[in-house]
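Everything below belongs to final.txt, which stores compact mmCIF, C-alpha atoms.
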```txt
# COMPACT_ATOMS: atom_id res chain seq x y z
CA MET A 1 15.02 71.36 24.10
CA MET A 2 12.34 69.50 22.11
CA LYS A 3 14.69 69.34 19.15
CA LYS A 4 17.35 67.61 21.23
CA PHE A 5 14.71 65.21 22.62
CA PHE A 6 13.50 64.08 19.14
CA SER A 7 17.09 63.78 17.97
CA ALA A 8 17.79 61.40 20.87
CA ILE A 9 14.72 59.29 19.95
CA VAL A 10 15.75 59.06 16.29
CA LEU A 11 19.29 58.08 17.28
CA THR A 12 17.99 55.37 19.65
CA VAL A 13 15.68 53.88 17.00
CA ALA A 14 18.49 53.92 14.45
CA LEU A 15 20.67 51.97 16.86
CA LEU A 16 17.94 49.45 17.78
CA ILE A 17 16.83 48.56 14.23
CA PRO A 18 20.15 46.98 13.13
CA SER A 19 20.28 45.11 16.44
CA ALA A 20 16.81 43.69 15.87
CA VAL A 21 17.60 42.72 12.31
CA SER A 22 20.88 41.14 13.23
CA GLY A 23 19.12 39.26 16.04
CA GLN A 24 16.81 37.43 13.62
CA GLU A 25 17.64 33.76 13.55
CA THR A 26 18.91 32.25 10.30
CA ILE A 27 17.84 28.63 9.78
CA LEU A 28 19.95 26.44 7.51
CA ARG A 29 18.51 23.14 6.26
CA PRO A 30 21.34 21.00 4.88
CA VAL A 31 20.56 18.34 2.29
CA MET A 32 21.64 14.87 3.36
CA SER A 33 22.64 12.83 0.32
CA ALA A 34 23.92 9.26 0.21
CA TYR A 35 25.19 7.07 -2.62
CA THR A 36 25.39 3.38 -1.81
CA ILE A 37 25.96 0.02 -3.46
CA GLU A 38 24.38 -3.18 -2.19
CA ALA A 39 25.22 -6.86 -2.65
CA GLY A 40 23.81 -10.01 -1.13
CA SER A 41 21.49 -12.97 -1.59
CA SER A 42 18.22 -13.20 -3.52
CA HIS A 43 15.36 -15.71 -3.28
CA VAL A 44 12.76 -15.71 -6.07
CA THR A 45 9.58 -17.71 -6.63
CA ASP A 46 7.20 -16.86 -9.46
CA THR A 47 4.72 -19.55 -10.47
CA TYR A 48 4.04 -17.85 -13.79
CA LEU A 49 7.61 -18.77 -14.78
CA SER A 50 8.29 -21.86 -12.67
CA PRO A 51 6.88 -23.70 -9.63
CA LEU A 52 10.39 -23.95 -8.18
CA SER A 53 12.17 -21.51 -5.89
CA TYR A 54 15.35 -19.92 -7.26
CA THR A 55 18.24 -18.64 -5.16
CA GLY A 56 21.27 -16.55 -6.08
CA GLN A 57 22.75 -13.06 -5.83
CA THR A 58 21.45 -9.51 -5.87
CA ALA A 59 23.18 -6.18 -6.48
CA ALA A 60 21.86 -2.62 -6.41
CA PHE A 61 22.76 1.05 -6.53
CA ALA A 62 20.76 3.53 -4.43
CA TYR A 63 20.51 7.29 -3.96
CA ASP A 64 18.99 8.84 -0.82
CA ARG A 65 18.11 12.48 -0.23
CA MET A 66 16.64 13.93 2.97
CA GLN A 67 15.99 17.49 4.12
CA ALA A 68 14.03 19.30 6.82
CA MET A 69 11.03 21.11 5.35
CA LYS A 70 11.07 24.89 5.04
CA PHE A 71 7.56 25.45 6.44
CA ASN A 72 8.37 23.65 9.75
CA PRO A 73 11.95 22.37 9.76
CA ASP A 74 11.91 21.21 13.39
CA LYS A 75 9.02 18.81 12.82
CA TRP A 76 8.77 17.77 9.14
CA VAL A 77 11.33 15.88 7.06
CA MET A 78 11.19 14.97 3.37
CA GLY A 79 12.89 11.89 1.96
CA LEU A 80 13.57 10.60 -1.55
CA ARG A 81 15.02 7.19 -2.42
CA ILE A 82 15.82 5.82 -5.89
CA GLU A 83 17.17 2.31 -6.27
CA VAL A 84 18.19 0.26 -9.33
CA GLY A 85 18.79 -3.44 -8.79
CA MET A 86 19.54 -6.72 -10.54
CA ASP A 87 19.18 -10.36 -9.47
CA HIS A 88 20.70 -13.58 -10.75
CA THR A 89 19.14 -16.77 -9.37
CA GLU A 90 19.19 -20.49 -10.24
CA ASN A 91 16.88 -23.42 -9.58
CA PRO A 92 17.87 -26.21 -7.13
CA ALA A 93 19.37 -28.32 -9.96
CA ARG A 94 21.43 -25.33 -11.20
CA ASN A 95 20.30 -25.92 -14.79
CA ALA A 96 17.94 -22.93 -15.19
CA THR A 97 18.30 -19.24 -14.43
CA ILE A 98 15.98 -16.36 -13.61
CA TRP A 99 17.32 -12.86 -14.14
CA GLY A 100 15.59 -9.93 -12.45
CA ALA A 101 15.91 -6.19 -12.93
CA GLY A 102 13.96 -3.30 -11.50
CA ILE A 103 13.84 0.31 -10.40
CA THR A 104 12.14 1.68 -7.29
CA ALA A 105 11.43 5.34 -6.51
CA ARG A 106 9.80 6.55 -3.29
CA TRP A 107 9.00 9.99 -1.89
CA ALA A 108 8.23 10.31 1.84
CA MET A 109 7.08 12.95 4.30
CA MET A 110 7.64 12.29 8.01
CA TYR A 111 6.70 14.07 11.24
CA ARG A 112 9.39 14.12 13.92
CA LEU A 113 8.25 13.14 17.38
CA SER A 114 11.50 14.25 19.01
CA VAL A 115 14.12 16.77 17.93
CA ASN A 116 16.54 17.87 20.65
CA SER A 117 17.69 14.46 21.85
CA PRO A 118 20.28 11.87 20.75
CA VAL A 119 17.46 9.42 19.93
CA LYS A 120 14.93 10.69 17.40
CA PHE A 121 11.74 9.16 16.00
CA ALA A 122 9.65 10.11 12.97
CA VAL A 123 6.51 8.65 11.40
CA GLY A 124 4.72 9.44 8.18
CA GLY A 125 3.75 8.24 4.76
CA SER A 126 5.29 7.73 1.38
CA THR A 127 4.29 6.92 -2.15
CA GLY A 128 6.34 5.03 -4.68
CA ILE A 129 6.52 3.12 -7.93
CA ASN A 130 8.26 -0.13 -8.78
CA LEU A 131 8.99 -1.21 -12.34
CA GLY A 132 10.84 -4.37 -13.35
CA ALA A 133 10.74 -7.82 -14.89
CA LEU A 134 11.83 -11.42 -14.35
CA TYR A 135 13.32 -13.36 -17.25
CA THR A 136 13.95 -17.09 -17.36
CA THR A 137 16.14 -18.96 -19.81
CA ARG A 138 13.98 -22.05 -19.45
CA ASN A 139 10.57 -21.22 -20.93
CA GLY A 140 9.89 -20.75 -24.62
CA ASN A 141 6.38 -19.25 -24.68
CA ASN A 142 6.37 -17.41 -21.34
CA PRO A 143 9.95 -16.32 -20.61
CA VAL A 144 9.14 -12.93 -19.00
CA ALA A 145 7.05 -11.81 -16.04
CA ALA A 146 6.61 -8.03 -15.91
CA LYS A 147 6.35 -6.31 -12.53
CA ALA A 148 4.80 -2.89 -11.93
CA SER A 149 3.15 -1.26 -8.94
CA TRP A 150 2.20 2.06 -7.38
CA THR A 151 1.67 2.06 -3.62
CA VAL A 152 0.91 4.35 -0.70
CA ASN A 153 2.99 3.36 2.30
CA LEU A 154 3.41 3.72 6.02
CA THR A 155 6.98 4.69 6.81
CA GLY A 156 9.09 5.78 9.73
CA MET A 157 12.58 6.52 10.97
CA ALA A 158 14.53 6.04 14.20
CA THR A 159 18.01 7.54 14.66
CA TRP A 160 20.58 7.50 17.42
CA SER A 161 23.57 9.84 17.40
CA THR A 162 26.45 8.69 19.59
CA ARG A 163 30.23 8.33 19.50
CA ILE A 164 32.84 5.63 19.22
CA GLY A 165 35.65 7.27 21.14
CA ARG A 166 35.97 10.65 19.44
CA LEU A 167 34.29 9.54 16.21
CA PRO A 168 30.63 10.67 15.78
CA LEU A 169 28.31 7.83 14.76
CA THR A 170 24.65 7.94 13.65
CA LEU A 171 22.56 4.79 13.53
CA CYS A 172 19.35 4.88 11.49
CA TYR A 173 16.52 2.41 10.84
CA ARG A 174 13.86 3.08 8.19
CA PRO A 175 10.97 0.64 7.55
CA THR A 176 8.42 1.00 4.74
CA LEU A 177 5.14 -0.94 4.59
CA PRO A 178 2.68 -0.52 1.65
CA LEU A 179 -0.95 -0.17 2.70
CA THR A 180 -2.78 0.30 -0.58
CA GLY A 181 -2.21 0.93 -4.29
CA VAL A 182 -2.41 -0.92 -7.59
CA PHE A 183 -0.20 -3.50 -9.28
CA PHE A 184 0.05 -5.34 -12.59
CA SER A 185 -0.33 -9.07 -13.12
CA GLN A 186 -1.12 -11.10 -16.20
CA GLY A 187 -3.30 -14.19 -15.97
CA TYR A 188 -1.86 -17.64 -15.26
CA GLY A 189 -0.54 -18.98 -18.56
CA GLU A 190 -1.56 -15.83 -20.41
CA LEU A 191 0.85 -14.86 -23.18
CA TYR A 192 1.97 -11.27 -23.57
CA TYR A 193 1.13 -11.63 -27.25
CA GLU A 194 -2.49 -12.09 -26.19
CA ILE A 195 -2.29 -8.83 -24.25
CA TYR A 196 -0.81 -7.18 -27.33
CA LEU A 197 -3.79 -8.42 -29.37
CA GLY A 198 -6.23 -6.77 -26.95
CA ASN A 199 -6.88 -9.19 -24.10
CA ARG A 200 -6.30 -6.62 -21.34
CA HIS A 201 -9.01 -7.60 -18.88
CA GLY A 202 -7.90 -8.19 -15.30
CA LEU A 203 -4.36 -6.85 -15.62
CA VAL A 204 -4.55 -4.13 -12.93
CA HIS A 205 -5.40 -5.12 -9.36
CA GLY A 206 -5.96 -3.22 -6.15
CA ALA A 207 -3.15 -3.77 -3.65
CA TRP A 208 -3.61 -4.39 0.05
CA PRO A 209 -1.57 -6.48 2.53
CA GLY A 210 -3.76 -9.52 1.81
CA ASN A 211 -2.68 -9.86 -1.84
CA TYR A 212 0.33 -7.54 -1.95
CA PHE A 213 2.56 -7.69 1.10
CA SER A 214 5.84 -5.82 0.97
CA LEU A 215 8.26 -4.74 3.67
CA ASP A 216 11.45 -2.74 3.20
CA ASN A 217 13.92 -2.66 6.10
CA LEU A 218 16.97 -0.40 5.86
CA ALA A 219 19.44 -0.10 8.75
CA THR A 220 22.52 2.10 8.34
CA ALA A 221 25.46 3.40 10.37
CA ASP A 222 27.11 6.66 9.31
CA LEU A 223 30.71 7.03 10.51
CA ARG A 224 31.10 10.80 10.43
CA PHE A 225 34.76 11.43 9.66
CA GLY A 226 34.15 14.96 8.43
CA ALA A 227 32.35 16.51 5.49
CA THR A 228 32.01 13.04 3.92
CA ASN A 229 30.78 10.07 5.93
CA LEU A 230 31.22 6.34 5.47
CA ARG A 231 27.86 4.56 5.37
CA LEU A 232 27.59 0.87 6.27
CA GLY A 233 24.37 -1.06 6.66
CA TYR A 234 21.96 -3.88 6.00
CA HIS A 235 19.00 -3.87 3.59
CA ASN A 236 16.21 -6.44 3.54
CA THR A 237 13.28 -6.46 1.12
CA ILE A 238 10.24 -8.75 1.13
CA LEU A 239 7.61 -8.91 -1.60
CA SER A 240 4.78 -11.45 -1.65
CA THR A 241 1.84 -11.29 -4.06
CA LYS A 242 -0.98 -13.66 -4.90
CA VAL A 243 -3.41 -12.88 -7.72
CA ASN A 244 -4.75 -14.60 -10.87
CA ASN A 245 -3.54 -17.97 -9.46
CA ILE A 246 0.04 -16.63 -9.61
CA VAL A 247 2.20 -16.55 -6.49
CA THR A 248 5.29 -14.33 -6.42
CA ARG A 249 7.79 -14.12 -3.58
CA MET A 250 11.00 -12.12 -3.74
CA ILE A 251 13.31 -11.75 -0.73
CA THR A 252 16.73 -10.10 -0.61
CA HIS A 253 19.38 -9.66 2.09
CA SER A 254 22.11 -7.15 1.24
CA VAL A 255 25.16 -5.48 2.74
CA VAL A 256 25.23 -1.71 2.18
CA VAL A 257 28.41 0.32 1.59
CA GLY A 258 28.61 3.93 0.45
CA VAL A 259 29.19 7.58 1.26
CA SER A 260 26.91 10.20 2.74
CA GLY A 261 27.15 13.83 3.67
CA GLU A 262 25.34 17.14 4.17
CA TRP A 263 25.42 20.12 1.86
CA ILE A 264 24.25 23.61 2.80
CA GLY A 265 23.10 26.19 0.27
CA PHE A 266 22.79 29.91 1.02
CA ASP A 267 22.81 33.27 -0.75
CA ARG A 268 26.44 34.42 -0.75
CA ARG A 269 25.37 38.01 -1.48
CA ARG A 270 23.52 38.17 1.84
CA GLY A 271 25.89 35.95 3.77
CA ILE A 272 24.90 34.31 7.04
CA SER A 273 23.67 36.51 9.86
CA ALA A 274 24.00 35.58 13.52
CA PRO A 275 22.52 33.79 15.33
CA THR A 276 22.36 30.77 12.97
CA ARG A 277 20.75 27.40 13.60
CA VAL A 278 21.36 24.28 11.49
CA ILE A 279 18.50 21.75 11.39
CA SER A 280 19.63 18.39 10.07
CA ALA A 281 17.25 15.83 8.63
CA ILE A 282 18.98 12.87 10.23
CA TYR A 283 22.06 13.83 12.30
```
Would you kindly transcribe this structure into structure tokens?
Amino acid sequence: MMKKFFSAIVLTVALLIPSAVSGQETILRPVMSAYTIEAGSSHVTDTYLSPLSYTGQTAAFAYDRMQAMKFNPDKWVMGLRIEVGMDHTENPARNATIWGAGITARWAMMYRLSVNSPVKFAVGGSTGINLGALYTTRNGNNPVAAKASWTVNLTGMATWSTRIGRLPLTLCYRPTLPLTGVFFSQGYGELYYEIYLGNRHGLVHGAWPGNYFSLDNLATADLRFGATNLRLGYHNTILSTKVNNIVTRMITHSVVVGVSGEWIGFDRRRGISAPTRVISAIY
């Protein structure tokens, strides 16, 4: 009798263990990637090169990557953005040109305030570097103004997932505002040859909104046709610095066009067990 009783217990446990294992939730965290090109207008003032304001065109290529974090995918989202841009501007008389080129890289971590709703909000911080230069065809001794900065920023994200008829649509707005950091600036009239000879005093400055104000506004709309989405948007950047008697202002307005999509990675040897939950970073 006892033997039959223990056999029944062993059989019950053997049946329950697979059920418990199979009942464990599998969480998939797709990577949202986007490749976009931007084109629009540029407005540049740099008193190291010229007292005049230059206007013209800007163009850029950007890569975005976002993913929910493994340690708490419902609440934390990581973002990476790399952008390479070029500007071509002219003075009011159209007889002098300033060329600009630069690269920006930012890494962000954001905390989601809402998850299970069509409208989602997230706030957090980011850190980034900006490297570039302005070149004018006008000056002989001082034709180049180098630009370099490292900043710690306040950033956020607001998304709204809706539909246009049967087509899913996700609207997203991401602002970035530097709060502190460091940036490079030569002295007014100082030649880079002098810096090469050893005059390196006062080249690195602490950044705060009083002497280094920057605001990055990115608004996008993802038309989700399927595995690959069409991304349309607007990108505005503002940079205003004042140090060493040099004033720099750079403003761009660009139209954004590109593709975006989500990619999921998993171990094919283990497969995907049910139930499965997909936690998107943006959609």
### Task
Dig up all the protein and nucleic acid residues within 10 Å of (-5.6, -0.2, -5.8) in the file frame, using only C-alpha atoms, and format them as number ranges by chain.
A: 149-152, 179-183, 204-208
Go ahead and save the residues from that selection, with C-alpha atoms, as an mmCIF file, in the frame of the given file.
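Final file, selection_37.cif:
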```cif
data_model
loop_
_atom_site.group_PDB
_atom_site.id
_atom_site.type_symbol
_atom_site.label_atom_id
_atom_site.label_comp_id
_atom_site.auth_asym_id
_atom_site.auth_seq_id
_atom_site.Cartn_x
_atom_site.Cartn_y
_atom_site.Cartn_z
ATOM 1 C CA SER A 149 3.150 -1.260 -8.940
ATOM 2 C CA TRP A 150 2.200 2.060 -7.380
ATOM 3 C CA THR A 151 1.670 2.060 -3.620
ATOM 4 C CA VAL A 152 0.910 4.350 -0.700
ATOM 5 C CA LEU A 179 -0.950 -0.170 2.700
ATOM 6 C CA THR A 180 -2.780 0.300 -0.580
ATOM 7 C CA GLY A 181 -2.210 0.930 -4.290
ATOM 8 C CA VAL A 182 -2.410 -0.920 -7.590
ATOM 9 C CA PHE A 183 -0.200 -3.500 -9.280
ATOM 10 C CA VAL A 204 -4.550 -4.130 -12.930
ATOM 11 C CA HIS A 205 -5.400 -5.120 -9.360
ATOM 12 C CA GLY A 206 -5.960 -3.220 -6.150
ATOM 13 C CA ALA A 207 -3.150 -3.770 -3.650
ATOM 14 C CA TRP A 208 -3.610 -4.390 0.050
#
```
### Message
Measuring between all atoms listed in the file, which one of A:Ala62, A:Ala122, A:Ile282, A:Ile246 shows the shortest distance to Arg106 of chain A?
### Response
A:Ala62
#### Entry: Nearest-residue call for Gly156 of chain A, choices A:Ile37, A:Ala96, A:Ala281, A:Val123, using all atoms listed in the file
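Under the stated criterion, the closest residue is A:Val123.
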#### Entry: Residue list as JSON, numbers by chain for point (8.0, 22.4, 10.8), cut-off 12 Å, all atoms listed in the file
{"A": [27, 29, 67, 68, 69, 70, 71, 72, 73, 74, 75, 76, 77, 78, 109, 110, 111, 112, 113, 115, 279, 281]}
### Message
Between atom CA of Thr26 of chain A and atom CA of Leu223 of chain A, what is the distance in Å, rounded to a tenth?
### Response
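Calculated distance between atom CA of Thr26 of chain A and atom CA of Leu223 of chain A is 27.8 Å.
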### Query
Neighbours of Tyr135 of chain A within 6 Å (only C-alpha atoms; same-chain residues fewer than 3 positions away dropped), as an NGL selection string?
:A and (98-99 or 143-144)
